[in-house]
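What's in structure_23.pdb: PDB, C-alpha atoms, pLDDT in the B column
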ATOM      1  CA  MET A  12     113.427  71.646  85.808  1.00 34.00           C
ATOM      2  CA  ALA A  13     109.714  72.490  86.080  1.00 38.00           C
ATOM      3  CA  THR A  14     108.707  76.106  85.712  1.00 43.00           C
ATOM      4  CA  THR A  15     105.825  77.744  87.437  1.00 50.00           C
ATOM      5  CA  SER A  16     103.567  79.799  85.213  1.00 61.00           C
ATOM      6  CA  ASN A  17     103.340  83.445  86.081  1.00 86.00           C
ATOM      7  CA  ILE A  18      99.944  84.955  86.565  1.00 91.00           C
ATOM      8  CA  GLN A  19      98.747  88.356  85.487  1.00 92.00           C
ATOM      9  CA  VAL A  20      96.419  90.392  87.676  1.00 93.00           C
ATOM     10  CA  THR A  21      94.719  93.469  86.229  1.00 92.00           C
ATOM     11  CA  ILE A  22      93.246  95.883  88.751  1.00 91.00           C
ATOM     12  CA  SER A  23      90.727  98.563  87.787  1.00 90.00           C
ATOM     13  CA  LEU A  24      89.639 101.124  90.352  1.00 89.00           C
ATOM     14  CA  SER A  25      86.301 102.919  90.354  1.00 86.00           C
ATOM     15  CA  GLU A  26      85.001 105.426  92.857  1.00 84.00           C
ATOM     16  CA  PRO A  27      81.929 107.577  92.156  1.00 82.00           C
ATOM     17  CA  GLY A  28      83.316 110.486  94.213  1.00 84.00           C
ATOM     18  CA  LEU A  29      86.519 110.788  92.178  1.00 84.00           C
ATOM     19  CA  ASN A  30      86.952 112.248  88.708  1.00 88.00           C
ATOM     20  CA  ASP A  31      89.078 110.558  86.027  1.00 85.00           C
ATOM     21  CA  GLU A  32      92.292 112.391  86.904  1.00 88.00           C
ATOM     22  CA  GLU A  33      91.894 111.667  90.631  1.00 89.00           C
ATOM     23  CA  LEU A  34      91.358 107.962  89.884  1.00 88.00           C
ATOM     24  CA  GLN A  35      94.444 107.895  87.680  1.00 88.00           C
ATOM     25  CA  THR A  36      96.495 109.672  90.351  1.00 91.00           C
ATOM     26  CA  GLU A  37      95.387 107.128  92.950  1.00 90.00           C
ATOM     27  CA  VAL A  38      96.394 104.238  90.686  1.00 91.00           C
ATOM     28  CA  GLN A  39      99.757 105.853  89.921  1.00 91.00           C
ATOM     29  CA  ASN A  40     100.367 106.279  93.665  1.00 92.00           C
ATOM     30  CA  LEU A  41      99.533 102.591  94.254  1.00 92.00           C
ATOM     31  CA  LEU A  42     101.884 101.370  91.549  1.00 93.00           C
ATOM     32  CA  PRO A  43     105.221 101.636  93.420  1.00 95.00           C
ATOM     33  CA  GLN A  44     103.604 100.103  96.513  1.00 94.00           C
ATOM     34  CA  ILE A  45     102.252  97.138  94.542  1.00 94.00           C
ATOM     35  CA  LYS A  46     105.727  96.539  93.108  1.00 94.00           C
ATOM     36  CA  GLU A  47     106.871  95.900  96.685  1.00 94.00           C
ATOM     37  CA  VAL A  48     104.205  93.239  97.426  1.00 93.00           C
ATOM     38  CA  ASP A  49     105.648  89.740  97.917  1.00 91.00           C
ATOM     39  CA  GLY A  50     105.416  87.680  94.733  1.00 90.00           C
ATOM     40  CA  VAL A  51     104.973  90.631  92.363  1.00 93.00           C
ATOM     41  CA  GLU A  52     107.720  90.471  89.764  1.00 93.00           C
ATOM     42  CA  ASP A  53     106.531  93.391  87.651  1.00 93.00           C
ATOM     43  CA  ALA A  54     103.752  95.964  87.777  1.00 94.00           C
ATOM     44  CA  ASP A  55     102.824  98.798  85.454  1.00 92.00           C
ATOM     45  CA  LEU A  56      99.980 100.876  84.119  1.00 90.00           C
ATOM     46  CA  VAL A  57      98.046  99.211  81.312  1.00 86.00           C
ATOM     47  CA  ALA A  58      99.006 100.815  78.013  1.00 81.00           C
ATOM     48  CA  VAL A  59      96.341 101.572  75.464  1.00 73.00           C
ATOM     49  CA  THR A  60      96.957  99.606  72.299  1.00 68.00           C
ATOM     50  CA  GLU A  61      93.445  99.685  70.919  1.00 52.00           C
ATOM     51  CA  VAL A  62      90.811 101.861  72.516  1.00 49.00           C
ATOM     52  CA  PRO A  63      87.321 100.403  72.187  1.00 50.00           C
ATOM     53  CA  GLN A  64      84.681 103.009  71.460  1.00 55.00           C
ATOM     54  CA  GLY A  65      83.323 104.454  74.696  1.00 58.00           C
ATOM     55  CA  SER A  66      86.285 103.454  76.878  1.00 60.00           C
ATOM     56  CA  LYS A  67      88.415 106.027  78.619  1.00 61.00           C
ATOM     57  CA  ALA A  68      92.135 106.479  78.369  1.00 58.00           C
ATOM     58  CA  LEU A  69      94.411 109.054  79.923  1.00 58.00           C
ATOM     59  CA  GLY A  70      97.887 109.769  78.576  1.00 61.00           C
ATOM     60  CA  GLY A  71      98.199 106.507  76.626  1.00 70.00           C
ATOM     61  CA  PHE A  72      97.057 104.292  79.497  1.00 77.00           C
ATOM     62  CA  LEU A  73      93.715 102.742  80.390  1.00 81.00           C
ATOM     63  CA  LEU A  74      92.094 104.916  83.016  1.00 82.00           C
ATOM     64  CA  ALA A  75      92.566 103.785  86.624  1.00 87.00           C
ATOM     65  CA  THR A  76      93.968 100.390  85.602  1.00 89.00           C
ATOM     66  CA  LEU A  77      97.222  98.661  86.434  1.00 91.00           C
ATOM     67  CA  LYS A  78      98.678  95.213  85.915  1.00 92.00           C
ATOM     68  CA  ALA A  79     100.842  93.050  88.171  1.00 93.00           C
ATOM     69  CA  VAL A  80     102.691  89.926  87.068  1.00 93.00           C
ATOM     70  CA  GLY A  81     104.186  87.344  89.367  1.00 91.00           C
ATOM     71  CA  ASN A  82     104.070  83.847  90.707  1.00 88.00           C
ATOM     72  CA  PRO A  83     100.810  82.292  91.913  1.00 87.00           C
ATOM     73  CA  ALA A  84     101.751  82.991  95.531  1.00 86.00           C
ATOM     74  CA  LEU A  85     101.263  86.738  94.931  1.00 86.00           C
ATOM     75  CA  ILE A  86      97.464  86.443  95.218  1.00 88.00           C
ATOM     76  CA  LYS A  87      97.223  86.347  99.002  1.00 88.00           C
ATOM     77  CA  PRO A  88      99.576  89.275  99.736  1.00 91.00           C
ATOM     78  CA  LEU A  89      98.217  91.291  96.786  1.00 90.00           C
ATOM     79  CA  PHE A  90      94.604  90.910  97.902  1.00 87.00           C
ATOM     80  CA  GLY A  91      95.661  91.715 101.471  1.00 87.00           C
ATOM     81  CA  PHE A  92      97.379  94.876 100.266  1.00 88.00           C
ATOM     82  CA  LEU A  93      94.390  95.901  98.140  1.00 87.00           C
ATOM     83  CA  SER A  94      91.881  95.288 100.932  1.00 84.00           C
ATOM     84  CA  THR A  95      93.772  97.581 103.321  1.00 85.00           C
ATOM     85  CA  ARG A  96      94.548 100.297 100.765  1.00 84.00           C
ATOM     86  CA  LEU A  97      91.273 100.308  98.829  1.00 81.00           C
ATOM     87  CA  SER A  98      88.664  99.281 101.378  1.00 73.00           C
ATOM     88  CA  GLY A  99      85.409 101.072 100.586  1.00 78.00           C
ATOM     89  CA  LYS A 100      86.313 101.526  96.916  1.00 84.00           C
ATOM     90  CA  THR A 101      85.088  99.222  94.209  1.00 88.00           C
ATOM     91  CA  ILE A 102      87.797  97.454  92.270  1.00 89.00           C
ATOM     92  CA  GLU A 103      87.548  94.977  89.456  1.00 92.00           C
ATOM     93  CA  ILE A 104      90.240  92.330  89.429  1.00 92.00           C
ATOM     94  CA  LYS A 105      91.040  90.115  86.458  1.00 93.00           C
ATOM     95  CA  VAL A 106      93.307  87.123  87.001  1.00 94.00           C
ATOM     96  CA  GLU A 107      94.824  85.439  83.953  1.00 92.00           C
ATOM     97  CA  VAL A 108      96.617  82.102  83.993  1.00 91.00           C
ATOM     98  CA  ASN A 109      97.569  80.188  80.836  1.00 87.00           C
ATOM     99  CA  GLY A 110      95.141  82.243  78.740  1.00 88.00           C
ATOM    100  CA  LYS A 111      92.170  81.591  81.054  1.00 93.00           C
ATOM    101  CA  LYS A 112      90.590  84.543  82.885  1.00 93.00           C
ATOM    102  CA  LEU A 113      88.647  85.126  86.070  1.00 95.00           C
ATOM    103  CA  GLU A 114      86.963  88.459  86.811  1.00 94.00           C
ATOM    104  CA  VAL A 115      85.873  89.452  90.317  1.00 93.00           C
ATOM    105  CA  LYS A 116      84.759  92.680  91.993  1.00 92.00           C
ATOM    106  CA  ALA A 117      85.217  93.726  95.594  1.00 90.00           C
ATOM    107  CA  SER A 118      84.399  96.812  97.625  1.00 87.00           C
ATOM    108  CA  ASN A 119      84.673  95.703 101.261  1.00 87.00           C
ATOM    109  CA  GLN A 120      86.710  93.319 103.402  1.00 86.00           C
ATOM    110  CA  GLU A 121      84.250  90.427 103.078  1.00 90.00           C
ATOM    111  CA  GLU A 122      84.147  90.741  99.273  1.00 90.00           C
ATOM    112  CA  PHE A 123      87.958  90.983  99.094  1.00 87.00           C
ATOM    113  CA  GLU A 124      88.266  87.760 101.093  1.00 90.00           C
ATOM    114  CA  PHE A 125      85.710  85.977  98.911  1.00 93.00           C
ATOM    115  CA  ALA A 126      87.428  87.251  95.731  1.00 91.00           C
ATOM    116  CA  ARG A 127      90.826  86.101  97.047  1.00 90.00           C
ATOM    117  CA  ARG A 128      89.493  82.587  97.679  1.00 93.00           C
ATOM    118  CA  GLN A 129      87.971  82.512  94.184  1.00 95.00           C
ATOM    119  CA  ALA A 130      91.282  83.636  92.665  1.00 93.00           C
ATOM    120  CA  GLU A 131      93.281  81.063  94.638  1.00 92.00           C
ATOM    121  CA  ASP A 132      90.927  78.259  93.563  1.00 93.00           C
ATOM    122  CA  PHE A 133      91.032  79.482  89.962  1.00 94.00           C
ATOM    123  CA  ILE A 134      94.844  79.535  89.947  1.00 90.00           C
ATOM    124  CA  LYS A 135      95.071  76.111  91.575  1.00 89.00           C
ATOM    125  CA  ASN A 136      92.693  74.585  89.033  1.00 89.00           C
ATOM    126  CA  THR A 137      94.162  76.381  86.004  1.00 84.00           C
ATOM    127  CA  LYS A 138      97.936  76.520  86.381  1.00 66.00           C
ATOM    128  CA  ASP A 139      98.506  72.865  85.494  1.00 61.00           C
ATOM    129  CA  ILE A 140      96.270  72.832  82.422  1.00 52.00           C
TER     130      ILE A 140
END

Please rewrite the model in this file as structure tokens.
Amino acid sequence: MATTSNIQVTISLSEPGLNDEELQTEVQNLLPQIKEVDGVEDADLVAVTEVPQGSKALGGFLLATLKAVGNPALIKPLFGFLSTRLSGKTIEIKVEVNGKKLEVKASNQEEFEFARRQAEDFIKNTKDI
């Protein structure tokens, strides 16, 4: 039986008008909603294991960052969810498949759509490697 590799999507939120605690609160509020997105098998805040100098952490987690894991089909609904919930905010999205990574940023609907297409192409071209 063939298995489909899971993908990992790391989402980092940034918004100049919000302080660190407000950003973290927004990410924590998104977390249970992201767990309900089709294709997401697990989602959690990103724990700090090693803090590089100059990076920010809050309560043992990377500031304003969460991670979702699921099957490759999660990309379309996840990006759709993010574009409606975070439109106007800048988010950095890292997609990891089989140890290979893609990083994209989006802050409006057009950028979210472009980033989604890049992620889908990346997954398609990477999952069978």

Contacts of segment 14-28 of chain A within 8 Å, only C-alpha atoms, excl. fewer than 5 positions in-chain, as a list in words =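 Surrounding residues, per the criterion: Leu34, Val38, Ala75, Thr76, Leu77, Lys78, Ala79, Val80, Gly81, Asn82, Pro83, Lys100, Thr101, Ile102, Glu103, Ile104, Lys105, Val106, Glu107, Val108, Asn109 and Lys138 of chain A.
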
So that all listed atoms of segment 108-126 of chain A fit with 6 Å spare on each side, what axis-aligned box centre and edge lengths in Å, to one decimal, would you give as lines of an AutoDock Vina configuration file?
center_x = 90.9
center_y = 88.5
center_z = 91.1
size_x = 25.4
size_y = 28.6
size_z = 36.7

Let me know the residues the PyMOL selection byres ((chain A and resi 117) around 7) catches in the file above, as a ChimeraX atom specification.
-> /A:101-103,115-116,118-119,122-123,126

Could you work out how far atom CA of Ile86 of chain A lies from atom CA of Asp49 of chain A, giving the answer in Å with one decimal?
->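 If I compute the distance from atom CA of Asp49 of chain A to atom CA of Ile86 of chain A, I get 9.2 Å.
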
Identify, on the basis of all atoms listed in the file, every residue whose closest approach to Leu89 of chain A does not exceed 8 Å; exclude the query and any residue fewer than 2 positions from it along the same chain; express the result as a count of residues only.
-> 9

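Computed from the coordinates, the atom CA of Glu114 of chain A to atom CA of Gln35 of chain A distance equals 20.8 Å.
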
Pick from A:Leu73, A:Thr36, A:Ala84, A:Asn30: nearest to Asp132 of chain A, with all atoms listed in the file counted?
->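 Using all atoms listed in the file, Asp132 of chain A sits closest to A:Ala84.
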
Hey, can you check how far atom CA of Leu74 of chain A sits from atom CA of Lys46 of chain A?
-> 18.9 Å

Between A:Phe125, A:Ala130, A:Leu56, A:Phe90, which has the minimum distance to Glu37 of chain A (counting all atoms listed in the file)?
-> A:Leu56

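Compared by their closest atoms to Leu113 of chain A, and using all atoms listed in the file, the residues A:Gln44, A:Glu131, A:Glu33, A:Leu97 rank with A:Glu131 nearest.
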
Option closest in space to Val51 of chain A, from A:Arg127, A:Phe133, A:Pro88, A:Lys112 [counting all atoms listed in the file] =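 Smallest separation from Val51 of chain A among the options: A:Pro88.
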